[in-house]
$ cat coords.txt   # compact mmCIF, C-alpha atoms
# COMPACT_ATOMS: atom_id res chain seq x y z
CA MET A 1 -23.26 -11.19 -4.40
CA GLU A 2 -21.22 -11.91 -1.27
CA LEU A 3 -23.99 -12.35 1.29
CA THR A 4 -21.70 -12.47 4.34
CA SER A 5 -20.42 -8.96 3.57
CA LEU A 6 -23.85 -7.49 2.88
CA LEU A 7 -25.59 -9.20 5.80
CA GLY A 8 -22.75 -8.37 8.17
CA LEU A 9 -22.98 -4.66 7.36
CA ILE A 10 -26.78 -4.55 7.46
CA LEU A 11 -27.04 -6.48 10.73
CA SER A 12 -24.36 -4.28 12.32
CA ILE A 13 -26.40 -1.19 11.49
CA VAL A 14 -29.62 -2.85 12.65
CA SER A 15 -28.19 -4.01 16.00
CA ILE A 16 -26.77 -0.56 16.81
CA SER A 17 -30.02 1.12 15.73
CA VAL A 18 -32.19 -1.18 17.82
CA GLY A 19 -30.01 -0.60 20.87
CA ASP A 20 -30.20 3.16 20.34
CA ILE A 21 -33.98 3.07 19.95
CA LEU A 22 -34.39 0.98 23.11
CA GLU A 23 -32.49 3.69 24.98
CA GLY A 24 -34.89 6.29 23.63
CA GLY A 25 -32.60 7.61 20.92
CA ASN A 26 -32.97 8.14 17.19
CA PRO A 27 -30.31 6.49 14.97
CA LEU A 28 -30.73 9.22 12.35
CA HIS A 29 -29.26 11.74 14.77
CA VAL A 30 -25.91 9.95 14.47
CA ILE A 31 -25.71 10.82 10.76
CA HIS A 32 -23.91 14.14 10.71
CA LEU A 33 -22.56 15.41 7.37
CA SER A 34 -19.66 17.40 8.78
CA SER A 35 -18.57 14.41 10.89
CA VAL A 36 -18.61 12.14 7.86
CA LEU A 37 -16.57 14.66 5.85
CA ILE A 38 -14.00 15.07 8.63
CA VAL A 39 -13.57 11.34 9.30
CA ILE A 40 -14.03 9.30 6.11
CA PRO A 41 -12.13 11.24 3.41
CA THR A 42 -9.35 12.13 5.85
CA ALA A 43 -8.90 8.48 6.80
CA MET A 44 -8.75 7.53 3.11
CA PHE A 45 -6.14 10.20 2.40
CA SER A 46 -4.14 9.08 5.42
CA GLY A 47 -4.18 5.49 4.16
CA MET A 48 -3.09 6.78 0.76
CA THR A 49 -0.07 8.46 2.32
CA ALA A 50 1.00 5.19 3.96
CA THR A 51 0.46 2.93 0.93
CA HIS A 52 2.40 2.38 -2.30
CA GLY A 53 0.65 4.16 -5.17
CA ALA A 54 0.15 0.97 -7.18
CA TYR A 55 -1.67 -0.62 -4.26
CA VAL A 56 -3.84 2.45 -3.66
CA LYS A 57 -5.11 2.16 -7.23
CA GLY A 58 -5.52 -1.58 -6.79
CA ALA A 59 -7.37 -1.13 -3.49
CA TYR A 60 -10.17 0.76 -5.19
CA LYS A 61 -10.15 -1.59 -8.17
CA GLU A 62 -10.34 -4.72 -6.02
CA PHE A 63 -12.87 -3.28 -3.54
CA LYS A 64 -15.57 -5.13 -5.48
CA MET A 65 -14.15 -8.37 -4.07
CA VAL A 66 -15.89 -7.51 -0.79
CA TRP A 67 -19.33 -7.60 -2.41
CA ILE A 68 -18.97 -10.08 -5.28
CA ALA A 69 -18.94 -13.85 -4.62
CA SER A 70 -15.57 -15.49 -5.22
CA LYS A 71 -15.10 -17.11 -8.62
CA VAL A 72 -12.55 -19.57 -7.27
CA ASN A 73 -13.78 -23.14 -7.70
CA LEU A 74 -11.05 -25.57 -6.72
CA ASN A 75 -13.04 -28.66 -7.68
CA GLN A 76 -13.54 -27.29 -11.20
CA THR A 77 -9.85 -26.38 -11.47
CA ILE A 78 -8.81 -29.84 -10.28
CA LYS A 79 -11.15 -31.44 -12.83
CA GLN A 80 -9.59 -29.38 -15.61
CA ILE A 81 -6.05 -30.28 -14.55
CA VAL A 82 -6.86 -33.98 -14.24
CA GLU A 83 -8.36 -33.96 -17.73
CA LEU A 84 -5.14 -32.42 -19.04
CA ALA A 85 -3.10 -34.98 -17.12
CA THR A 86 -5.14 -37.84 -18.59
CA LEU A 87 -4.66 -36.53 -22.13
CA ALA A 88 -0.93 -35.96 -21.60
CA ARG A 89 -0.45 -39.46 -20.18
CA LYS A 90 -2.31 -40.97 -23.10
CA ASP A 91 -1.00 -38.93 -26.05
CA GLY A 92 2.02 -37.10 -24.68
CA VAL A 93 2.54 -33.56 -23.41
CA LEU A 94 2.55 -32.11 -26.93
CA SER A 95 -1.10 -33.12 -27.28
CA LEU A 96 -1.92 -30.32 -24.82
CA GLU A 97 -0.93 -27.62 -27.31
CA GLY A 98 -4.42 -27.42 -28.80
CA LYS A 99 -6.04 -27.47 -25.36
CA ALA A 100 -3.85 -24.65 -24.05
CA ALA A 101 -5.40 -22.11 -26.40
CA GLN A 102 -8.88 -22.97 -25.08
CA ILE A 103 -8.02 -22.42 -21.41
CA GLU A 104 -9.64 -19.21 -20.08
CA ASP A 105 -7.48 -18.80 -16.97
CA ASP A 106 -4.33 -16.91 -17.96
CA PHE A 107 -2.22 -18.44 -15.21
CA LEU A 108 -3.16 -22.02 -16.09
CA ARG A 109 -2.83 -21.39 -19.83
CA LYS A 110 0.68 -20.00 -19.41
CA ALA A 111 1.72 -22.92 -17.20
CA VAL A 112 0.42 -25.47 -19.73
CA SER A 113 2.19 -23.63 -22.56
CA MET A 114 5.45 -23.89 -20.63
CA ILE A 115 5.38 -27.68 -20.40
CA VAL A 116 4.26 -27.94 -24.03
CA ASP A 117 7.37 -25.92 -24.92
CA GLY A 118 9.48 -28.54 -23.18
CA ARG A 119 10.11 -26.83 -19.83
CA ASP A 120 10.72 -29.24 -16.95
CA ALA A 121 8.59 -29.24 -13.80
CA GLU A 122 11.14 -27.44 -11.63
CA SER A 123 11.63 -24.65 -14.16
CA VAL A 124 7.89 -24.13 -14.49
CA ARG A 125 7.50 -24.13 -10.72
CA GLU A 126 10.19 -21.47 -10.27
CA ASP A 127 8.63 -19.15 -12.88
CA MET A 128 5.08 -19.51 -11.61
CA GLU A 129 6.05 -19.13 -7.94
CA ILE A 130 7.54 -15.72 -8.76
CA GLN A 131 4.20 -14.69 -10.25
CA ILE A 132 2.36 -16.03 -7.21
CA GLU A 133 4.62 -14.06 -4.89
CA VAL A 134 4.00 -10.83 -6.82
CA LEU A 135 0.25 -11.49 -6.88
CA GLU A 136 0.20 -12.23 -3.16
CA GLU A 137 2.02 -8.97 -2.41
CA TYR A 138 -0.42 -7.08 -4.63
CA TYR A 139 -3.51 -8.34 -2.84
CA HIS A 140 -1.88 -7.79 0.54
CA GLY A 141 -1.19 -4.17 -0.38
CA CYS A 142 -4.76 -3.65 -1.63
CA GLY A 143 -6.40 -5.17 1.43
CA HIS A 144 -4.00 -3.53 3.86
CA TYR A 145 -4.90 -0.09 2.48
CA TRP A 146 -8.49 -0.51 3.67
CA VAL A 147 -7.29 -1.90 7.00
CA LEU A 148 -5.19 1.26 7.42
CA VAL A 149 -8.20 3.42 6.56
CA GLY A 150 -10.18 1.60 9.23
CA GLU A 151 -7.43 2.00 11.80
CA SER A 152 -7.32 5.76 11.10
CA CYS A 153 -11.06 6.34 11.44
CA PRO A 154 -11.31 6.41 15.28
CA THR A 155 -8.44 8.89 15.55
CA PHE A 156 -9.98 11.27 13.05
CA GLY A 157 -13.31 10.73 14.80
CA LEU A 158 -11.62 12.04 17.94
CA VAL A 159 -10.22 14.98 15.98
CA GLY A 160 -13.73 15.78 14.73
CA ALA A 161 -15.13 15.54 18.25
CA VAL A 162 -12.48 17.89 19.67
CA MET A 163 -13.08 20.40 16.87
CA GLY A 164 -16.81 20.25 17.56
CA LEU A 165 -16.30 20.74 21.29
CA MET A 166 -14.08 23.74 20.65
CA LEU A 167 -16.86 25.34 18.64
CA ALA A 168 -19.51 24.37 21.21
CA LEU A 169 -17.56 25.96 24.05
CA GLY A 170 -17.83 29.25 22.22
CA LEU A 171 -21.59 29.15 22.79
CA LEU A 172 -21.56 29.51 26.58
CA ASP A 173 -24.12 32.31 26.34
CA ASP A 174 -26.58 29.94 24.68
CA PRO A 175 -26.74 26.67 26.70
CA LYS A 176 -29.24 25.08 24.30
CA ALA A 177 -27.05 25.73 21.27
CA MET A 178 -23.97 24.60 23.19
CA ALA A 179 -25.66 21.31 24.12
CA ALA A 180 -26.60 20.73 20.49
CA GLY A 181 -23.01 21.48 19.47
CA ILE A 182 -21.61 19.00 21.98
CA ALA A 183 -24.04 16.32 20.78
CA GLY A 184 -23.03 16.99 17.19
CA ALA A 185 -19.36 16.79 18.11
CA PHE A 186 -19.67 13.27 19.46
CA THR A 187 -21.22 12.03 16.21
CA ALA A 188 -17.69 12.23 14.78
CA THR A 189 -16.51 9.71 17.39
CA VAL A 190 -19.37 7.36 16.53
CA THR A 191 -18.66 7.75 12.80
CA GLY A 192 -14.98 6.96 13.32
CA ILE A 193 -15.57 3.88 15.43
CA PHE A 194 -18.27 2.53 13.11
CA GLY A 195 -16.13 3.17 10.05
CA ALA A 196 -13.22 1.32 11.63
CA TYR A 197 -14.89 -1.77 13.04
CA ALA A 198 -18.05 -2.20 10.97
CA PHE A 199 -16.97 -1.14 7.50
CA PHE A 200 -13.42 -0.33 6.39
CA GLY A 201 -11.57 -2.74 8.67
CA PRO A 202 -13.85 -5.70 7.83
CA CYS A 203 -13.73 -4.82 4.12
CA GLY A 204 -9.93 -4.86 4.17
CA HIS A 205 -9.81 -8.19 5.95
CA LYS A 206 -12.39 -9.65 3.55
CA ILE A 207 -10.15 -8.74 0.60
CA LEU A 208 -7.20 -10.38 2.34
CA ALA A 209 -9.26 -13.51 3.05
CA LYS A 210 -10.49 -13.81 -0.52
CA ALA A 211 -7.00 -13.20 -1.82
CA LYS A 212 -5.88 -16.33 0.05
CA ASP A 213 -8.38 -18.35 -2.00
CA ILE A 214 -6.98 -16.89 -5.22
CA ILE A 215 -3.40 -17.62 -4.19
CA GLN A 216 -4.36 -21.12 -3.09
CA GLU A 217 -5.81 -21.81 -6.53
CA LYS A 218 -2.57 -20.65 -8.17
CA VAL A 219 -0.49 -22.90 -5.91
CA LEU A 220 -2.81 -25.79 -6.79
CA ILE A 221 -2.31 -25.11 -10.49
CA VAL A 222 1.48 -25.11 -10.07
CA GLU A 223 1.36 -28.47 -8.28
CA GLY A 224 -0.96 -29.88 -10.92
CA ILE A 225 1.15 -28.73 -13.88
CA ALA A 226 4.30 -30.00 -12.19
CA GLY A 227 2.57 -33.36 -11.79
CA ILE A 228 1.67 -33.41 -15.50
CA ALA A 229 5.26 -32.52 -16.44
CA ASN A 230 6.53 -35.36 -14.25
CA GLY A 231 4.08 -37.82 -15.80
CA ASP A 232 2.15 -38.48 -12.58
CA ASN A 233 -0.79 -40.87 -12.65
CA PRO A 234 -3.98 -38.76 -13.05
CA ARG A 235 -5.71 -40.58 -10.20
CA ASN A 236 -2.79 -39.99 -7.83
CA LEU A 237 -2.51 -36.40 -8.98
CA GLU A 238 -6.20 -35.80 -8.31
CA GLU A 239 -5.89 -37.27 -4.82
CA LYS A 240 -3.02 -34.92 -4.10
CA LEU A 241 -4.84 -31.84 -5.42
CA LEU A 242 -8.02 -32.63 -3.50
CA GLY A 243 -5.96 -32.04 -0.37
CA PHE A 244 -6.27 -28.31 -1.16
CA ILE A 245 -10.02 -28.42 -0.50
CA LYS A 246 -10.96 -26.85 2.84
CA PRO A 247 -12.42 -29.08 5.57
CA GLY A 248 -16.20 -29.24 5.33
CA GLU A 249 -16.27 -28.53 1.59
CA PRO A 250 -17.14 -31.31 -0.88
CA LYS A 251 -14.32 -33.09 -2.68
CA VAL A 252 -15.44 -34.10 -6.16
CA SER A 253 -13.50 -36.96 -7.74
CA GLN A 254 -13.71 -37.96 -11.40
CA PHE A 255 -12.77 -41.53 -10.57
CA GLU A 256 -15.63 -42.39 -8.24
$ encode --input "coords.txt" --output "structure tokens"
Amino acid sequence: MELTSLLGLILSIVSISVGDILEGGNPLHVIHLSSVLIVIPTAMFSGMTATHGAYVKGAYKEFKMVWIASKVNLNQTIKQIVELATLARKDGVLSLEGKAAQIEDDFLRKAVSMIVDGRDAESVREDMEIQIEVLEEYYHGCGHYWVLVGESCPTFGLVGAVMGLMLALGLLDDPKAMAAGIAGAFTATVTGIFGAYAFFGPCGHKILAKAKDIIQEKVLIVEGIAGIANGDNPRNLEEKLLGFIKPGEPKVSQFE
């Protein structure tokens, strides 16, 4: 579970609710079914119109990234690459053929298979960088869809509010009903703003942020495999790859 996503959403709701209660309001009054129906689905359909179909499908498929902890572990990936480098330096690149079949990561397995087949480092790098570019574009499209949905929410919240006010103004003969209608109309504005800045927008940016970790791991793998193909010293290769670790995160070396 991605705690930052869950806690961020919960605390956003709590802080708004507490502020509303302190002003004598009731947060439940903000929940208005017609406002939700006007704002949320319409914003999603609007984002769909602006996004390539493949990325719309991917956006819903990858939405789980917001709530599930990232599986990227650079230290573990570096350890695996250094082990392969050590074996290749000792017994030759062909000795990696048996290891390649045991590698779970498709990207790493394909890269290892390339150098086992005799491909040089530059050739492997060119092929894998194309895949990285395509993958990067895919995640950008998926995350950007949700950002677009978030950006659309306030506008459709305004549309819902105007529609509600138009209906409320038809109740001039009943001031009490008109007041209730006006209050209901403004729930659409609240729904739109909350959807934009507390949910859909942050979710889209979280997907984009996590995608950077995935892409970074792929770039690391390419550098590592290129190092193995060039016959780099495993210790020097590890030192180079540890440079991919973010500041503040532990760097685990096999040679210490």
$ closest_residue --input "coords.txt" --among "A:Gly92, A:Gly47, A:Pro202, A:Gly157" --to "Gly184 (chain A)" --atoms "all atoms listed in the file"
A:Gly157
$ atom_distance --input "coords.txt" --atom1 "CA of Ser15 (chain A)" --atom2 "CA of Trp146 (chain A)"
23.5 Å
$ atom_distance --input "coords.txt" --atom1 "CA of Leu208 (chain A)" --atom2 "CA of Val147 (chain A)"
9.7 Å
$ closest_atom_pairs --input "coords.txt" --of "region 94-165 of chain A" --to "region 224-239 of chain A" --cutoff "12 Å" --atoms "all atoms listed in the file" --output "CSV"
residue,atom,partner,partner_atom,distance
A:Leu94,CA,A:Ala229,CA,10.8
A:Leu96,CA,A:Ile228,CA,10.5
A:Phe107,CA,A:Ile225,CA,10.9
A:Leu108,CA,A:Ile225,CA,8.3
A:Arg109,CA,A:Ile225,CA,10.3
A:Lys110,CA,A:Ile225,CA,10.3
A:Ala111,CA,A:Ile225,CA,6.7
A:Val112,CA,A:Ile225,CA,6.7
A:Ser113,CA,A:Ile225,CA,10.1
A:Met114,CA,A:Ile225,CA,9.4
A:Ile115,CA,A:Ala229,CA,6.3
A:Val116,CA,A:Ala229,CA,8.9
A:Asp117,CA,A:Ala229,CA,11.0
A:Gly118,CA,A:Ala229,CA,8.9
A:Arg119,CA,A:Ala229,CA,8.2
A:Asp120,CA,A:Ala229,CA,6.4
A:Ala121,CA,A:Ala226,CA,4.6
A:Glu122,CA,A:Ala226,CA,7.3
A:Ser123,CA,A:Ala226,CA,9.3
A:Val124,CA,A:Ala226,CA,7.3
A:Arg125,CA,A:Ala226,CA,6.8
A:Glu126,CA,A:Ala226,CA,10.5
A:Asp127,CA,A:Ala226,CA,11.7
A:Met128,CA,A:Ile225,CA,10.3
A:Glu129,CA,A:Ala226,CA,11.8
$ write_last_selection --input "coords.txt" --atoms "C-alpha atoms" --output "CSV table (one decimal), in the coordinates of the input"
chain,number,residue,atom,x,y,z
A,94,LEU,CA,2.6,-32.1,-26.9
A,96,LEU,CA,-1.9,-30.3,-24.8
A,107,PHE,CA,-2.2,-18.4,-15.2
A,108,LEU,CA,-3.2,-22.0,-16.1
A,109,ARG,CA,-2.8,-21.4,-19.8
A,110,LYS,CA,0.7,-20.0,-19.4
A,111,ALA,CA,1.7,-22.9,-17.2
A,112,VAL,CA,0.4,-25.5,-19.7
A,113,SER,CA,2.2,-23.6,-22.6
A,114,MET,CA,5.4,-23.9,-20.6
A,115,ILE,CA,5.4,-27.7,-20.4
A,116,VAL,CA,4.3,-27.9,-24.0
A,117,ASP,CA,7.4,-25.9,-24.9
A,118,GLY,CA,9.5,-28.5,-23.2
A,119,ARG,CA,10.1,-26.8,-19.8
A,120,ASP,CA,10.7,-29.2,-17.0
A,121,ALA,CA,8.6,-29.2,-13.8
A,122,GLU,CA,11.1,-27.4,-11.6
A,123,SER,CA,11.6,-24.6,-14.2
A,124,VAL,CA,7.9,-24.1,-14.5
A,125,ARG,CA,7.5,-24.1,-10.7
A,126,GLU,CA,10.2,-21.5,-10.3
A,127,ASP,CA,8.6,-19.2,-12.9
A,128,MET,CA,5.1,-19.5,-11.6
A,129,GLU,CA,6.0,-19.1,-7.9
$ closest_residue --input "coords.txt" --among "A:Leu11, A:Lys218, A:Lys251, A:Ile245" --to "Ile130 (chain A)" --atoms "only C-alpha atoms"
A:Lys218
$ closest_residue --input "coords.txt" --among "A:Met65, A:Ala183, A:Leu165, A:Val134" --to "Cys203 (chain A)" --atoms "only C-alpha atoms"
A:Met65
$ closest_residue --input "coords.txt" --among "A:Gln131, A:Ser70, A:Ser17, A:Ser5" --to "Val222 (chain A)" --atoms "only C-alpha atoms"
A:Gln131
$ atom_distance --input "coords.txt" --atom1 "CA of Glu151 (chain A)" --atom2 "CA of Leu167 (chain A)"
26.1 Å
$ residues_around --input "coords.txt" --residues "Ile68 (chain A)" --least-positions-apart "5" --cutoff "12 Å" --atoms "all atoms listed in the file" --output "ChimeraX atom specification"
/A:1-6,62-63,203,206-207,210
$ build_atoms --input "coords.txt" --residues "region 66-87 of chain A" --atoms "N, CA, C and O atoms" --output "mmCIF file, in the frame of the given file"
data_model
loop_
_atom_site.group_PDB
_atom_site.id
_atom_site.type_symbol
_atom_site.label_atom_id
_atom_site.label_comp_id
_atom_site.auth_asym_id
_atom_site.auth_seq_id
_atom_site.Cartn_x
_atom_site.Cartn_y
_atom_site.Cartn_z
ATOM 1 N N VAL A 66 -15.154 -7.449 -2.059
ATOM 2 C CA VAL A 66 -15.890 -7.510 -0.790
ATOM 3 C C VAL A 66 -17.340 -7.894 -1.040
ATOM 4 O O VAL A 66 -17.954 -8.603 -0.222
ATOM 5 N N TRP A 67 -17.886 -7.475 -2.172
ATOM 6 C CA TRP A 67 -19.330 -7.600 -2.410
ATOM 7 C C TRP A 67 -19.693 -8.655 -3.445
ATOM 8 O O TRP A 67 -20.844 -9.059 -3.542
ATOM 9 N N ILE A 68 -18.710 -9.096 -4.231
ATOM 10 C CA ILE A 68 -18.970 -10.080 -5.280
ATOM 11 C C ILE A 68 -18.487 -11.458 -4.818
ATOM 12 O O ILE A 68 -17.380 -11.587 -4.286
ATOM 13 N N ALA A 69 -19.301 -12.482 -5.021
ATOM 14 C CA ALA A 69 -18.940 -13.850 -4.620
ATOM 15 C C ALA A 69 -17.665 -14.289 -5.343
ATOM 16 O O ALA A 69 -17.455 -13.957 -6.516
ATOM 17 N N SER A 70 -16.828 -15.023 -4.650
ATOM 18 C CA SER A 70 -15.570 -15.490 -5.220
ATOM 19 C C SER A 70 -15.817 -16.425 -6.408
ATOM 20 O O SER A 70 -16.722 -17.259 -6.389
ATOM 21 N N LYS A 71 -14.995 -16.260 -7.437
ATOM 22 C CA LYS A 71 -15.100 -17.110 -8.620
ATOM 23 C C LYS A 71 -14.200 -18.338 -8.526
ATOM 24 O O LYS A 71 -14.174 -19.159 -9.437
ATOM 25 N N VAL A 72 -13.454 -18.435 -7.449
ATOM 26 C CA VAL A 72 -12.550 -19.570 -7.270
ATOM 27 C C VAL A 72 -13.345 -20.844 -7.013
ATOM 28 O O VAL A 72 -14.171 -20.903 -6.106
ATOM 29 N N ASN A 73 -13.111 -21.843 -7.841
ATOM 30 C CA ASN A 73 -13.780 -23.140 -7.700
ATOM 31 C C ASN A 73 -12.698 -24.216 -7.824
ATOM 32 O O ASN A 73 -12.341 -24.626 -8.936
ATOM 33 N N LEU A 74 -12.178 -24.641 -6.692
ATOM 34 C CA LEU A 74 -11.050 -25.570 -6.720
ATOM 35 C C LEU A 74 -11.415 -26.916 -7.342
ATOM 36 O O LEU A 74 -10.606 -27.514 -8.053
ATOM 37 N N ASN A 75 -12.629 -27.381 -7.093
ATOM 38 C CA ASN A 75 -13.040 -28.660 -7.680
ATOM 39 C C ASN A 75 -13.046 -28.576 -9.213
ATOM 40 O O ASN A 75 -12.629 -29.522 -9.887
ATOM 41 N N GLN A 76 -13.503 -27.459 -9.753
ATOM 42 C CA GLN A 76 -13.540 -27.290 -11.200
ATOM 43 C C GLN A 76 -12.112 -27.197 -11.762
ATOM 44 O O GLN A 76 -11.810 -27.762 -12.823
ATOM 45 N N THR A 77 -11.244 -26.504 -11.033
ATOM 46 C CA THR A 77 -9.850 -26.380 -11.470
ATOM 47 C C THR A 77 -9.148 -27.740 -11.440
ATOM 48 O O THR A 77 -8.400 -28.087 -12.362
ATOM 49 N N ILE A 78 -9.404 -28.504 -10.387
ATOM 50 C CA ILE A 78 -8.810 -29.840 -10.280
ATOM 51 C C ILE A 78 -9.300 -30.729 -11.423
ATOM 52 O O ILE A 78 -8.517 -31.462 -12.040
ATOM 53 N N LYS A 79 -10.588 -30.644 -11.725
ATOM 54 C CA LYS A 79 -11.150 -31.440 -12.830
ATOM 55 C C LYS A 79 -10.447 -31.099 -14.138
ATOM 56 O O LYS A 79 -10.089 -31.994 -14.917
ATOM 57 N N GLN A 80 -10.238 -29.813 -14.382
ATOM 58 C CA GLN A 80 -9.590 -29.380 -15.610
ATOM 59 C C GLN A 80 -8.147 -29.892 -15.694
ATOM 60 O O GLN A 80 -7.699 -30.362 -16.748
ATOM 61 N N ILE A 81 -7.433 -29.826 -14.575
ATOM 62 C CA ILE A 81 -6.050 -30.280 -14.550
ATOM 63 C C ILE A 81 -5.965 -31.795 -14.736
ATOM 64 O O ILE A 81 -5.096 -32.295 -15.473
ATOM 65 N N VAL A 82 -6.871 -32.517 -14.103
ATOM 66 C CA VAL A 82 -6.860 -33.980 -14.240
ATOM 67 C C VAL A 82 -7.180 -34.391 -15.673
ATOM 68 O O VAL A 82 -6.591 -35.354 -16.200
ATOM 69 N N GLU A 83 -8.069 -33.682 -16.321
ATOM 70 C CA GLU A 83 -8.360 -33.960 -17.730
ATOM 71 C C GLU A 83 -7.127 -33.754 -18.603
ATOM 72 O O GLU A 83 -6.843 -34.541 -19.515
ATOM 73 N N LEU A 84 -6.382 -32.687 -18.309
ATOM 74 C CA LEU A 84 -5.140 -32.420 -19.040
ATOM 75 C C LEU A 84 -4.111 -33.508 -18.754
ATOM 76 O O LEU A 84 -3.392 -33.953 -19.666
ATOM 77 N N ALA A 85 -4.047 -33.933 -17.496
ATOM 78 C CA ALA A 85 -3.100 -34.980 -17.120
ATOM 79 C C ALA A 85 -3.421 -36.295 -17.816
ATOM 80 O O ALA A 85 -2.522 -37.021 -18.262
ATOM 81 N N THR A 86 -4.700 -36.607 -17.923
ATOM 82 C CA THR A 86 -5.140 -37.840 -18.590
ATOM 83 C C THR A 86 -4.766 -37.820 -20.067
ATOM 84 O O THR A 86 -4.259 -38.808 -20.619
ATOM 85 N N LEU A 87 -4.994 -36.668 -20.709
ATOM 86 C CA LEU A 87 -4.660 -36.530 -22.130
ATOM 87 C C LEU A 87 -3.153 -36.598 -22.341
ATOM 88 O O LEU A 87 -2.682 -37.261 -23.281
#
